[in-house]
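**Q** This is the structure, below, for whatever I ask next.
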Amino acid sequence: MEPSNTELILIRITGEDRPGLTSSIMGILARYDVTVLDIGQADIHNTLTLGLLVRAAEEYSGHVMRDLLFKASELGVNIRFYPVKKDEYADWVNMQGKNRYILTLLGRKLSALQIQAVTSVLAEQGLNIDAIKRLTGRIPLDEQRENIRACIEFSVRGTPKDRAAMQSKLLKLSSELEMDFSFQLDNMYRRMRRLICFDMDSTLIETEVIDELADRAGVGEQVRAITEQAMRGEIDFKESFTQRVTLLKGLDVSVMEDIAQHLPITEGVDRLMFVLKQYGYKIAILSGGFTYFGNYLKNRYGIDYVYANELEIEDGKLTGRYVGEIVDGRRKAELLKLIAQVEHVHLAQTIAVGDGANDLPMLSEAGLGIAFHAKPRVVANAKQSINTMGLDGVLYFLGFKDSYLEERGRL
């Protein structure tokens, strides 16, 4: 039981950061047997803000504050003291049972307007921001430089009044203000993602391979029209797939190797794959495209699983038929769950990334489903989306900081 003759003091220190500052402050507190109840520090452009909530015996509290004032003067920093009532502290302690969320805000650059809009939504929902940190590296003033990224992560406490309405408003803002967001429950599963499953066409690569094959077969216009209908969810994927494969009849298989050698890899894939492999993620391609091209990417990036469609070949030419079961949206979701079981990974630890309507089932099943440069219907139904940058934006939704990547030699 806490003795009655103690005081609670909030200490706020600001000024130029330097090595040894925290140690000097703690040395004084230790001298008077002070208990540290809470501590937080931020450093922006070498300017320190250090907050401490402490409990000190009444007989020593004056000495503590006096010695800290002298030390602050010696260090050239500012220090302020604020008394905290014990019932206020008890209320603060009782808040720790509330839900915690992580809101990640991502874009090529982030402005005050974007941050104000997003934080206003949080306030409307009765959510409190406990901490803010920047995940991307220091942003250069030269906005013309390539691959500039800006990402801020908000640690949020509370329960949204209307989660669906909040999601809808954030989605609308992301479209209007050219930014991406992710709103995730901050639990052990979010911090321990282990399996990531990708669509291939228009996700890992910037093309639909079936369209490339169709161009070589002279039926590009017909196949593209069917592809667009399927991606928009206007016709059943299996039906559209069968129609398109039929149109490829007679195409020489040598064309497939040429297309594979010249696949346009999506921006950020090299960086993303390097980091995922470095940190031990299991990686799968679950594609409505073709196994031949999935295996090419598997060999290039060390991908663990590839499930796609197999084209039937006779006498070195495509027959216009396929072999085995079509990998459609339902099958993608099944495969995600199956691989998770094989790898002994909880479904909440899985990630799925895709762009088309046939990706929605696996995006819904995964612990974290991300629509990537997706069709409007997919964005509207996915909880997270990335539209402003390359595929390596996924890393920020997983909580990676650029400083982690610098340590591994691949920024």
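FYI, nothing fancy with the structure tokens labels: chains A, B, ... in order, residues from 1 per chain, ligands from 1 as they appear.
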Write out as a PyMOL selection string which residues come within 9 Å of range 297-303 of chain A when counting only C-alpha atoms, dropping same-chain ones fewer than 4 positions away.

**A** chain A and resi 204+260+270+273-274+277+282-285+293

**Q** Counting only C-alpha atoms, which residues of range 65-129 of chain A sit at most 12 Å from some atom of range 33-43 of chain A, and what is each one's closest atom pair with its distance in Å to one decimal, listed by chain and rising residue number, as a Markdown table?

**A**
```
| residue | atom | partner | partner_atom | distance |
| --- | --- | --- | --- | --- |
| A:Met65 | CA | A:Val34 | CA | 11.5 |
| A:Val84 | CA | A:Leu37 | CA | 11.9 |
| A:Tyr89 | CA | A:Leu37 | CA | 9.9 |
| A:Ala90 | CA | A:Leu37 | CA | 11.9 |
| A:Trp92 | CA | A:Asp38 | CA | 11.1 |
| A:Val93 | CA | A:Leu37 | CA | 10.3 |
```

**Q** Those residues you just picked out, can you put them in a file as a CSV table (one decimal), in the first residue's frame with C-alpha atoms?

**A**
```
chain,number,residue,atom,x,y,z
A,65,MET,CA,13.2,19.8,-7.4
A,84,VAL,CA,-0.4,15.5,-9.9
A,89,TYR,CA,-3.3,9.3,-11.3
A,90,ALA,CA,-5.7,6.5,-10.3
A,92,TRP,CA,-5.0,7.4,-15.6
A,93,VAL,CA,-4.0,3.9,-14.3
```

**Q** Find the spatial neighbours of range 167-170 of chain A, counting only C-alpha atoms, within a cut-off of 9 Å - ignore same-chain residues fewer than 5 positions away - and output them as a PyMOL selection string.

**A** chain A and resi 117-118+121+162+175+180-181+183+380+383

**Q** Which residue out of A:Thr207, A:Thr319, A:Gln278, A:Asn128 has the minimum interatomic distance to Val253 in chain A when only C-alpha atoms are used?

**A** A:Thr319

**Q** Could you work out how far CA of His373 in chain A lies from CA of Gly289 in chain A, giving the answer in Å with one decimal?

**A**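 Separation of CA of Gly289 in chain A and CA of His373 in chain A: 17.6 Å.
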
**Q** Expressed in Å to a single decimal, how great is the separation between CA of Asp355 in chain A and CA of Lys375 in chain A?

**A**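 Going from CA of Asp355 in chain A over to CA of Lys375 in chain A covers 6.4 Å.
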
**Q** Could you find all residues in range 60-283 of chain A that DSSP calls strand (DSSP E or B) from the backbone, and write them as a ChimeraX atom specification?

**A** /A:78-84,100-107,128-134,150-157,180-185,195-198,201,205,252,265,282-283

**Q** Nearest to Leu338 in chain A among A:Thr203, A:Thr246, A:Thr350, A:Val64, with distances taken over only C-alpha atoms: which residue is it?

**A** A:Thr350

**Q** Which of these residues is nearest to Asn381 in chain A, using only C-alpha atoms: A:Glu221, A:Ile313, A:Asn99, A:Asp359?

**A** A:Asp359

**Q** Check the smallest atom-to-atom distance from each of A:Thr6, A:Gln349, A:Ser403, A:Asn358 to Gly62 in chain A using only C-alpha atoms, then report the winner.

**A** A:Thr6

**Q** Quick one: residues within 10 Å of Ile129 in chain A, only C-alpha atoms, excluding same-chain residues fewer than 5 positions away - as a ChimeraX atom specification?

**A** /A:100-103,119,122-123,154-158

**Q** Would you please extract all alpha helix (DSSP H) residues from range 47-228 of chain A, as assigned by DSSP on the backbone, and give them as an MDAnalysis selection string?

**A** chainID A and resid 58:75 86:94 112:124 163:176 209:217 220:228

**Q** Taking only C-alpha atoms into account, which of A:Gly399, A:Glu124, A:Gln261, A:Leu110 comes nearest Arg193 in chain A?

**A**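 Using only C-alpha atoms, Arg193 in chain A sits closest to A:Gly399.
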